[in-house]
file input_3.pdb (PDB, C-alpha atoms, pLDDT in the B column)
ATOM      1  CA  MET W  11     109.415 106.755  90.536  1.00 40.00           C
ATOM      2  CA  GLN W  12     109.421 103.300  92.058  1.00 39.00           C
ATOM      3  CA  ILE W  13     107.362 102.054  94.985  1.00 41.00           C
ATOM      4  CA  SER W  14     109.017  99.371  97.122  1.00 43.00           C
ATOM      5  CA  VAL W  15     107.156  96.817  99.245  1.00 39.00           C
ATOM      6  CA  LYS W  16     110.066  94.962 100.763  1.00 41.00           C
ATOM      7  CA  THR W  17     109.220  95.989 104.343  1.00 43.00           C
ATOM      8  CA  ASP W  18     105.653  94.684 104.056  1.00 57.00           C
ATOM      9  CA  VAL W  19     106.206  91.282 102.490  1.00 60.00           C
ATOM     10  CA  LYS W  20     106.743  89.403 105.810  1.00 65.00           C
ATOM     11  CA  GLU W  21     103.498  90.762 107.250  1.00 64.00           C
ATOM     12  CA  LEU W  22     101.655  89.846 104.093  1.00 62.00           C
ATOM     13  CA  GLN W  23     103.038  86.301 104.202  1.00 63.00           C
ATOM     14  CA  ARG W  24     101.759  85.944 107.748  1.00 68.00           C
ATOM     15  CA  LYS W  25      98.269  87.240 106.950  1.00 65.00           C
ATOM     16  CA  LEU W  26      97.976  85.115 103.839  1.00 62.00           C
ATOM     17  CA  ASN W  27      99.717  82.023 105.187  1.00 66.00           C
ATOM     18  CA  HIS W  28      96.818  79.805 104.111  1.00 62.00           C
ATOM     19  CA  ALA W  29      96.628  81.424 100.686  1.00 63.00           C
ATOM     20  CA  LYS W  30     100.219  81.981  99.606  1.00 69.00           C
ATOM     21  CA  LYS W  31      99.265  82.010  95.958  1.00 73.00           C
ATOM     22  CA  GLN W  32      97.462  85.304  96.603  1.00 74.00           C
ATOM     23  CA  ILE W  33     100.570  87.123  97.855  1.00 78.00           C
ATOM     24  CA  PRO W  34     101.835  88.423  94.451  1.00 82.00           C
ATOM     25  CA  TYR W  35      98.275  89.371  93.514  1.00 83.00           C
ATOM     26  CA  ALA W  36      97.731  91.327  96.759  1.00 83.00           C
ATOM     27  CA  ILE W  37     101.048  93.174  96.429  1.00 85.00           C
ATOM     28  CA  LYS W  38     100.348  94.053  92.793  1.00 89.00           C
ATOM     29  CA  ARG W  39      96.851  95.269  93.644  1.00 90.00           C
ATOM     30  CA  GLY W  40      98.123  97.533  96.444  1.00 89.00           C
ATOM     31  CA  LEU W  41     100.920  98.919  94.280  1.00 91.00           C
ATOM     32  CA  ASP W  42      98.693  99.644  91.296  1.00 93.00           C
ATOM     33  CA  ALA W  43      96.034 101.335  93.436  1.00 94.00           C
ATOM     34  CA  THR W  44      98.650 103.597  95.006  1.00 93.00           C
ATOM     35  CA  ALA W  45     100.237 104.372  91.641  1.00 94.00           C
ATOM     36  CA  PHE W  46      96.947 105.489  90.084  1.00 96.00           C
ATOM     37  CA  ASP W  47      96.036 107.496  93.198  1.00 96.00           C
ATOM     38  CA  LEU W  48      99.408 109.231  92.950  1.00 95.00           C
ATOM     39  CA  GLN W  49      98.892 109.898  89.251  1.00 96.00           C
ATOM     40  CA  ARG W  50      95.585 111.657  89.982  1.00 97.00           C
ATOM     41  CA  ASN W  51      97.208 113.665  92.787  1.00 97.00           C
ATOM     42  CA  LEU W  52     100.110 114.784  90.618  1.00 96.00           C
ATOM     43  CA  LYS W  53      97.761 115.906  87.844  1.00 97.00           C
ATOM     44  CA  ALA W  54      95.601 117.846  90.305  1.00 97.00           C
ATOM     45  CA  THR W  55      98.531 119.593  92.031  1.00 96.00           C
ATOM     46  CA  LEU W  56     100.686 120.306  88.963  1.00 96.00           C
ATOM     47  CA  PRO W  57      99.224 123.838  88.442  1.00 94.00           C
ATOM     48  CA  LYS W  58     100.535 124.821  91.898  1.00 95.00           C
ATOM     49  CA  TYR W  59     104.089 124.494  90.617  1.00 94.00           C
ATOM     50  CA  VAL W  60     103.829 124.867  86.824  1.00 90.00           C
ATOM     51  CA  HIS W  61     102.036 127.938  85.518  1.00 83.00           C
ATOM     52  CA  GLN W  62      99.014 126.929  83.445  1.00 84.00           C
ATOM     53  CA  PRO W  63     100.357 123.542  82.312  1.00 89.00           C
ATOM     54  CA  VAL W  64      99.059 122.497  78.900  1.00 87.00           C
ATOM     55  CA  LYS W  65      97.048 119.278  78.509  1.00 91.00           C
ATOM     56  CA  PHE W  66     100.020 117.611  76.833  1.00 91.00           C
ATOM     57  CA  THR W  67     102.133 118.057  79.982  1.00 92.00           C
ATOM     58  CA  THR W  68      99.407 116.799  82.328  1.00 95.00           C
ATOM     59  CA  ALA W  69      98.738 113.812  80.067  1.00 95.00           C
ATOM     60  CA  GLY W  70     102.425 112.972  80.359  1.00 94.00           C
ATOM     61  CA  ILE W  71     101.995 111.844  83.986  1.00 95.00           C
ATOM     62  CA  GLN W  72     101.624 108.138  83.395  1.00 95.00           C
ATOM     63  CA  VAL W  73     101.636 104.790  85.202  1.00 94.00           C
ATOM     64  CA  GLU W  74     103.327 101.505  84.471  1.00 93.00           C
ATOM     65  CA  LYS W  75     101.555  98.847  86.496  1.00 93.00           C
ATOM     66  CA  ALA W  76     103.256  96.150  88.511  1.00 91.00           C
ATOM     67  CA  THR W  77     103.200  92.533  87.408  1.00 88.00           C
ATOM     68  CA  LYS W  78     103.231  89.361  89.491  1.00 80.00           C
ATOM     69  CA  THR W  79     106.865  88.836  88.516  1.00 85.00           C
ATOM     70  CA  LYS W  80     107.919  92.488  88.790  1.00 87.00           C
ATOM     71  CA  LEU W  81     106.336  93.904  91.932  1.00 87.00           C
ATOM     72  CA  ILE W  82     107.129  97.536  91.227  1.00 89.00           C
ATOM     73  CA  ALA W  83     104.671 100.150  90.013  1.00 92.00           C
ATOM     74  CA  GLU W  84     106.079 103.297  88.440  1.00 93.00           C
ATOM     75  CA  VAL W  85     104.659 106.793  88.115  1.00 94.00           C
ATOM     76  CA  GLY W  86     106.348 109.558  86.177  1.00 93.00           C
ATOM     77  CA  PHE W  87     106.459 111.670  83.043  1.00 95.00           C
ATOM     78  CA  ALA W  88     106.439 109.847  79.725  1.00 94.00           C
ATOM     79  CA  SER W  89     109.808 109.387  78.048  1.00 92.00           C
ATOM     80  CA  LYS W  90     111.274 107.225  75.319  1.00 90.00           C
ATOM     81  CA  SER W  91     111.797 104.465  77.901  1.00 91.00           C
ATOM     82  CA  PHE W  92     108.733 104.985  80.102  1.00 92.00           C
ATOM     83  CA  GLY W  93     105.014 105.206  79.417  1.00 92.00           C
ATOM     84  CA  ARG W  94     103.561 106.155  76.053  1.00 92.00           C
ATOM     85  CA  ALA W  95     105.430 109.183  74.815  1.00 87.00           C
ATOM     86  CA  LYS W  96     103.919 111.188  71.951  1.00 84.00           C
ATOM     87  CA  GLY W  97     105.347 114.029  69.933  1.00 79.00           C
ATOM     88  CA  SER W  98     108.945 114.905  69.119  1.00 79.00           C
ATOM     89  CA  ILE W  99     109.738 116.051  72.676  1.00 83.00           C
ATOM     90  CA  PRO W 100     108.532 113.666  75.438  1.00 91.00           C
ATOM     91  CA  GLN W 101     107.191 115.325  78.588  1.00 92.00           C
ATOM     92  CA  ALA W 102     110.035 113.915  80.693  1.00 92.00           C
ATOM     93  CA  ASP W 103     112.605 115.776  78.583  1.00 89.00           C
ATOM     94  CA  TYR W 104     111.452 119.248  79.606  1.00 89.00           C
ATOM     95  CA  MET W 105     109.933 118.448  83.018  1.00 92.00           C
ATOM     96  CA  LYS W 106     113.296 117.074  84.108  1.00 91.00           C
ATOM     97  CA  ARG W 107     114.658 120.629  83.969  1.00 89.00           C
ATOM     98  CA  LEU W 108     111.941 121.865  86.352  1.00 91.00           C
ATOM     99  CA  ILE W 109     112.507 118.914  88.686  1.00 93.00           C
ATOM    100  CA  GLU W 110     116.307 118.846  88.719  1.00 91.00           C
ATOM    101  CA  GLY W 111     117.291 122.264  87.404  1.00 90.00           C
ATOM    102  CA  GLY W 112     120.308 122.640  85.139  1.00 85.00           C
ATOM    103  CA  THR W 113     121.309 124.111  81.810  1.00 86.00           C
ATOM    104  CA  ARG W 114     119.686 123.441  78.469  1.00 85.00           C
ATOM    105  CA  ARG W 115     121.956 123.424  75.440  1.00 84.00           C
ATOM    106  CA  PRO W 116     120.624 123.883  71.913  1.00 82.00           C
ATOM    107  CA  LYS W 117     120.331 120.945  69.525  1.00 81.00           C
ATOM    108  CA  GLY W 118     121.224 123.344  66.748  1.00 80.00           C
ATOM    109  CA  SER W 119     123.048 126.668  66.901  1.00 84.00           C
ATOM    110  CA  ALA W 120     120.748 128.440  69.399  1.00 91.00           C
ATOM    111  CA  ILE W 121     117.611 128.207  71.536  1.00 90.00           C
ATOM    112  CA  PRO W 122     114.676 130.444  70.533  1.00 91.00           C
ATOM    113  CA  VAL W 123     113.333 132.392  73.526  1.00 90.00           C
ATOM    114  CA  PRO W 124     110.338 134.768  73.236  1.00 89.00           C
ATOM    115  CA  PHE W 125     111.163 138.409  73.998  1.00 88.00           C
ATOM    116  CA  PRO W 126     108.514 139.220  76.673  1.00 83.00           C
ATOM    117  CA  LYS W 127     107.844 142.858  75.712  1.00 85.00           C
ATOM    118  CA  ASN W 128     107.229 142.139  72.057  1.00 88.00           C
ATOM    119  CA  MET W 129     105.935 138.596  71.795  1.00 86.00           C
ATOM    120  CA  LYS W 130     103.303 136.725  73.755  1.00 81.00           C
ATOM    121  CA  ALA W 131     104.233 133.141  74.628  1.00 77.00           C
ATOM    122  CA  ASN W 132     101.659 130.375  74.956  1.00 72.00           C
ATOM    123  CA  LYS W 133     100.204 129.268  78.309  1.00 64.00           C
ATOM    124  CA  ALA W 134     103.245 127.107  78.961  1.00 60.00           C
ATOM    125  CA  GLY W 135     105.573 130.065  78.406  1.00 67.00           C
ATOM    126  CA  ASN W 136     106.854 128.689  75.115  1.00 75.00           C
ATOM    127  CA  ILE W 137     106.797 129.706  71.477  1.00 84.00           C
ATOM    128  CA  PRO W 138     103.763 128.136  69.734  1.00 81.00           C
ATOM    129  CA  ARG W 139     104.641 125.317  67.363  1.00 80.00           C
ATOM    130  CA  GLY W 140     105.266 126.555  63.827  1.00 87.00           C
ATOM    131  CA  LYS W 141     105.364 130.197  64.938  1.00 91.00           C
ATOM    132  CA  ILE W 142     108.998 130.783  63.911  1.00 92.00           C
ATOM    133  CA  ASN W 143     108.435 129.423  60.400  1.00 93.00           C
ATOM    134  CA  ARG W 144     105.341 131.587  59.982  1.00 94.00           C
ATOM    135  CA  LEU W 145     107.209 134.714  61.065  1.00 94.00           C
ATOM    136  CA  LEU W 146     110.204 134.130  58.815  1.00 93.00           C
ATOM    137  CA  ALA W 147     107.911 133.380  55.874  1.00 94.00           C
ATOM    138  CA  ASP W 148     106.801 137.036  56.035  1.00 94.00           C
ATOM    139  CA  LYS W 149     110.092 138.539  54.831  1.00 92.00           C
ATOM    140  CA  GLU W 150     108.687 142.047  54.580  1.00 91.00           C
ATOM    141  CA  LYS W 151     108.002 142.235  58.311  1.00 93.00           C
ATOM    142  CA  TYR W 152     110.487 139.840  59.896  1.00 94.00           C
ATOM    143  CA  PHE W 153     114.138 138.872  59.578  1.00 94.00           C
ATOM    144  CA  SER W 154     116.573 136.731  61.547  1.00 93.00           C
ATOM    145  CA  GLY W 155     120.047 137.880  62.504  1.00 90.00           C
ATOM    146  CA  GLU W 156     121.966 140.511  64.421  1.00 89.00           C
ATOM    147  CA  PRO W 157     121.068 144.010  63.197  1.00 88.00           C
ATOM    148  CA  LYS W 158     123.830 146.462  62.335  1.00 83.00           C
ATOM    149  CA  GLY W 159     124.091 149.275  64.802  1.00 75.00           C
ATOM    150  CA  VAL W 160     122.693 147.275  67.722  1.00 76.00           C
ATOM    151  CA  LYS W 161     125.641 147.115  70.059  1.00 68.00           C
ATOM    152  CA  ARG W 162     124.063 145.430  73.067  1.00 71.00           C
ATOM    153  CA  LYS W 163     124.947 141.840  73.926  1.00 75.00           C
ATOM    154  CA  GLY W 164     122.432 139.219  72.886  1.00 78.00           C
ATOM    155  CA  SER W 165     121.051 141.062  69.874  1.00 88.00           C
ATOM    156  CA  ALA W 166     120.860 137.947  67.698  1.00 91.00           C
ATOM    157  CA  GLY W 167     117.297 136.866  67.112  1.00 92.00           C
ATOM    158  CA  ILE W 168     114.173 137.413  65.044  1.00 94.00           C
ATOM    159  CA  TRP W 169     113.278 141.065  64.554  1.00 94.00           C
ATOM    160  CA  LYS W 170     110.090 142.748  63.386  1.00 94.00           C
ATOM    161  CA  ARG W 171     110.022 145.834  61.167  1.00 93.00           C
ATOM    162  CA  THR W 172     107.471 148.484  62.146  1.00 91.00           C
ATOM    163  CA  GLY W 173     106.583 151.852  60.650  1.00 90.00           C
ATOM    164  CA  LYS W 174     107.788 153.352  57.383  1.00 86.00           C
ATOM    165  CA  GLY W 175     110.217 156.016  56.250  1.00 85.00           C
ATOM    166  CA  LYS W 176     111.648 158.084  59.103  1.00 84.00           C
ATOM    167  CA  LYS W 177     109.368 156.258  61.546  1.00 87.00           C
ATOM    168  CA  ALA W 178     110.718 152.858  60.543  1.00 88.00           C
ATOM    169  CA  LYS W 179     111.919 150.830  63.525  1.00 90.00           C
ATOM    170  CA  ILE W 180     112.758 147.265  64.425  1.00 91.00           C
ATOM    171  CA  LYS W 181     112.025 145.335  67.586  1.00 92.00           C
ATOM    172  CA  MET W 182     113.127 141.918  68.765  1.00 92.00           C
ATOM    173  CA  VAL W 183     110.405 139.285  69.109  1.00 93.00           C
ATOM    174  CA  ILE W 184     112.542 136.173  69.626  1.00 93.00           C
ATOM    175  CA  ALA W 185     116.080 135.964  70.970  1.00 92.00           C
ATOM    176  CA  TRP W 186     118.594 133.333  69.865  1.00 93.00           C
ATOM    177  CA  GLU W 187     120.160 132.179  73.129  1.00 90.00           C
ATOM    178  CA  PRO W 188     123.278 129.971  73.419  1.00 88.00           C
ATOM    179  CA  LYS W 189     121.792 128.299  76.516  1.00 88.00           C
ATOM    180  CA  THR W 190     118.996 128.609  79.078  1.00 87.00           C
ATOM    181  CA  ASP W 191     119.318 127.964  82.801  1.00 86.00           C
ATOM    182  CA  TYR W 192     116.580 126.401  84.925  1.00 86.00           C
ATOM    183  CA  GLN W 193     116.043 126.498  88.679  1.00 88.00           C
ATOM    184  CA  LYS W 194     114.381 123.625  90.531  1.00 91.00           C
ATOM    185  CA  SER W 195     110.708 124.526  90.772  1.00 92.00           C
ATOM    186  CA  TYR W 196     108.764 121.258  90.805  1.00 94.00           C
ATOM    187  CA  PRO W 197     109.452 119.031  93.892  1.00 95.00           C
ATOM    188  CA  PHE W 198     108.238 115.843  92.203  1.00 95.00           C
ATOM    189  CA  LYS W 199     110.118 113.436  94.476  1.00 93.00           C
ATOM    190  CA  ARG W 200     108.950 115.106  97.713  1.00 94.00           C
ATOM    191  CA  ILE W 201     105.311 115.247  96.562  1.00 95.00           C
ATOM    192  CA  ALA W 202     105.333 111.604  95.457  1.00 93.00           C
ATOM    193  CA  THR W 203     107.151 110.302  98.540  1.00 92.00           C
ATOM    194  CA  ASN W 204     104.838 112.087 100.986  1.00 94.00           C
ATOM    195  CA  PHE W 205     101.741 110.912  99.129  1.00 94.00           C
ATOM    196  CA  ILE W 206     102.909 107.298  99.093  1.00 91.00           C
ATOM    197  CA  LYS W 207     103.680 107.352 102.813  1.00 89.00           C
ATOM    198  CA  LYS W 208     100.158 108.587 103.572  1.00 92.00           C
ATOM    199  CA  ASN W 209      98.213 106.364 101.191  1.00 91.00           C
ATOM    200  CA  PHE W 210     100.086 103.148 100.495  1.00 88.00           C
ATOM    201  CA  ARG W 211      99.255 101.487 103.816  1.00 86.00           C
ATOM    202  CA  LYS W 212      95.484 101.816 103.301  1.00 90.00           C
ATOM    203  CA  ASN W 213      95.663 100.568  99.726  1.00 89.00           C
ATOM    204  CA  PHE W 214      97.832  97.675 100.845  1.00 84.00           C
ATOM    205  CA  ASP W 215      95.428  96.702 103.647  1.00 85.00           C
ATOM    206  CA  ASP W 216      92.508  96.880 101.200  1.00 89.00           C
ATOM    207  CA  ALA W 217      94.440  94.633  98.829  1.00 84.00           C
ATOM    208  CA  ILE W 218      95.016  92.085 101.613  1.00 80.00           C
ATOM    209  CA  LYS W 219      91.312  92.065 102.512  1.00 83.00           C
ATOM    210  CA  HIS W 220      90.376  91.557  98.881  1.00 85.00           C
ATOM    211  CA  ALA W 221      92.915  88.753  98.511  1.00 77.00           C
ATOM    212  CA  LEU W 222      91.519  86.996 101.591  1.00 75.00           C
ATOM    213  CA  LYS W 223      87.953  87.292 100.268  1.00 80.00           C
ATOM    214  CA  THR W 224      88.864  85.866  96.884  1.00 78.00           C
ATOM    215  CA  ALA W 225      91.226  83.154  98.168  1.00 69.00           C
ATOM    216  CA  ARG W 226      90.216  79.592  97.302  1.00 65.00           C
TER
END

call {"tool": "encode", "arguments": {"input": "input_3.pdb", "output": "structure tokens"}}
result
Amino acid sequence: MQISVKTDVKELQRKLNHAKKQIPYAIKRGLDATAFDLQRNLKATLPKYVHQPVKFTTAGIQVEKATKTKLIAEVGFASKSFGRAKGSIPQADYMKRLIEGGTRRPKGSAIPVPFPKNMKANKAGNIPRGKINRLLADKEKYFSGEPKGVKRKGSAGIWKRTGKGKKAKIKMVIAWEPKTDYQKSYPFKRIATNFIKKNFRKNFDDAIKHALKTAR
């Protein structure tokens, strides 16, 4: 998200008429202060919209500070082109679905989705990393595929064998889905815009005062 200061530049030029060299510094200072305030606010309010967000997701809310030549400060989720993304899936990749909604298509043949009744997901509602490989490594208990005799739609997945002999049964723990649909649930733009409107002016005024004090 970008913060614009175009509407305030004229006022700043007037207040710092005798110290024009301080103008870029004052703008940058006000932008950066607002960006970091917004970052803290987004981290604090994220649990209201995302159920028990993991530390990795919260850490993904990052800031790129303004410079004297590029007077724009940005706040958002880390991606390959923004912030310091870590891991194989940057935070922006999956948070975008909660912000904008839409359909997720698999990179491979299917998307693994935990079957709620038979498998507990992690706090983020996902399958723990490495879980699928660990399950399939236990070939006596688990297998992947579409069992014979199961006529219902969507029976492809990872199944667990339970019981022995006549009591032997199977139950799905992970479903192989061709796609998953997401509804908008995280109003990132509205939260950020409202926060900036309420806080930018004060940070900007503080930046002007500081620039005046340090002007030579």

call {"tool": "closest_atom_pairs", "arguments": {"input": "input_3.pdb", "of": "region 104-135 of chain W", "to": "region 157-169 of chain W", "cutoff": "12 Å", "atoms": "all atoms listed in the file", "output": "tab-separated table"}}
result
residue	atom	partner	partner_atom	distance
W:Ser119	CA	W:Ala166	CA	11.5
W:Ala120	CA	W:Gly167	CA	9.4
W:Ile121	CA	W:Gly167	CA	9.7
W:Pro122	CA	W:Gly167	CA	7.7
W:Val123	CA	W:Gly167	CA	8.8
W:Pro124	CA	W:Ile168	CA	9.4
W:Phe125	CA	W:Gly167	CA	9.4
W:Asn128	CA	W:Trp169	CA	9.7
W:Met129	CA	W:Trp169	CA	10.6

call {"tool": "closest_residue", "arguments": {"input": "input_3.pdb", "among": "W:Phe198, W:Lys80, W:Tyr152, W:Gly111", "to": "Lys53 (chain W)", "atoms": "only C-alpha atoms"}}
result
W:Phe198

call {"tool": "closest_residue", "arguments": {"input": "input_3.pdb", "among": "W:Asn209, W:Lys170, W:Ala217, W:Gly155", "to": "Leu48 (chain W)", "atoms": "only C-alpha atoms"}}
result
W:Asn209

call {"tool": "resolve_selection", "arguments": {"input": "input_3.pdb", "expression": "the PyMOL selection byres ((chain W and resi 197) around 10)", "output": "PyMOL selection string"}}
result
chain W and resi 59+108-110+194-196+198-202

call {"tool": "atom_distance", "arguments": {"input": "input_3.pdb", "atom1": "CA of Lys58 (chain W)", "atom2": "CA of Gly40 (chain W)"}}
result
27.8 Å

call {"tool": "residues_around", "arguments": {"input": "input_3.pdb", "residues": "Gly93 (chain W)", "least_positions_apart": "3", "cutoff": "8 Å", "atoms": "all atoms listed in the file", "output": "list in words"}}
result
Gln72, Val73, Glu74, Phe87, Ala88, Ser89 and Lys90 of chain W

call {"tool": "closest_residue", "arguments": {"input": "input_3.pdb", "among": "W:Ile184, W:Ala178, W:Leu41, W:Gly118", "to": "Lys141 (chain W)", "atoms": "all atoms listed in the file"}}
result
W:Ile184

call {"tool": "atom_distance", "arguments": {"input": "input_3.pdb", "atom1": "CA of Ala76 (chain W)", "atom2": "CA of Ala36 (chain W)"}}
result
11.0 Å

call {"tool": "residues_around", "arguments": {"input": "input_3.pdb", "residues": "Lys65 (chain W)", "least_positions_apart": "4", "cutoff": "12 Å", "atoms": "only C-alpha atoms", "output": "PyMOL selection string"}}
result
chain W and resi 53-54+56-57+69-71+101+133-134

call {"tool": "atom_distance", "arguments": {"input": "input_3.pdb", "atom1": "CA of Lys151 (chain W)", "atom2": "CA of Lys174 (chain W)"}}
result
11.2 Å

call {"tool": "closest_residue", "arguments": {"input": "input_3.pdb", "among": "W:Arg211, W:Gly86, W:Asn136, W:Asp47", "to": "Pro63 (chain W)", "atoms": "all atoms listed in the file"}}
result
W:Asn136

call {"tool": "resolve_selection", "arguments": {"input": "input_3.pdb", "expression": "the PyMOL selection byres ((chain W and resi 37) around 9)", "output": "number ranges by chain"}}
result
W: 15, 19, 22, 32-36, 38-42, 76, 78, 81, 214, 217-218

call {"tool": "residues_around", "arguments": {"input": "input_3.pdb", "residues": "Arg107 (chain W)", "least_positions_apart": "5", "cutoff": "10 Å", "atoms": "only C-alpha atoms", "output": "VMD selection string"}}
result
chain W and resid 102 112 to 114 191 to 196

call {"tool": "closest_residue", "arguments": {"input": "input_3.pdb", "among": "W:Phe205, W:Phe66, W:Ala221, W:Asn143", "to": "Ala45 (chain W)", "atoms": "only C-alpha atoms"}}
result
W:Phe205
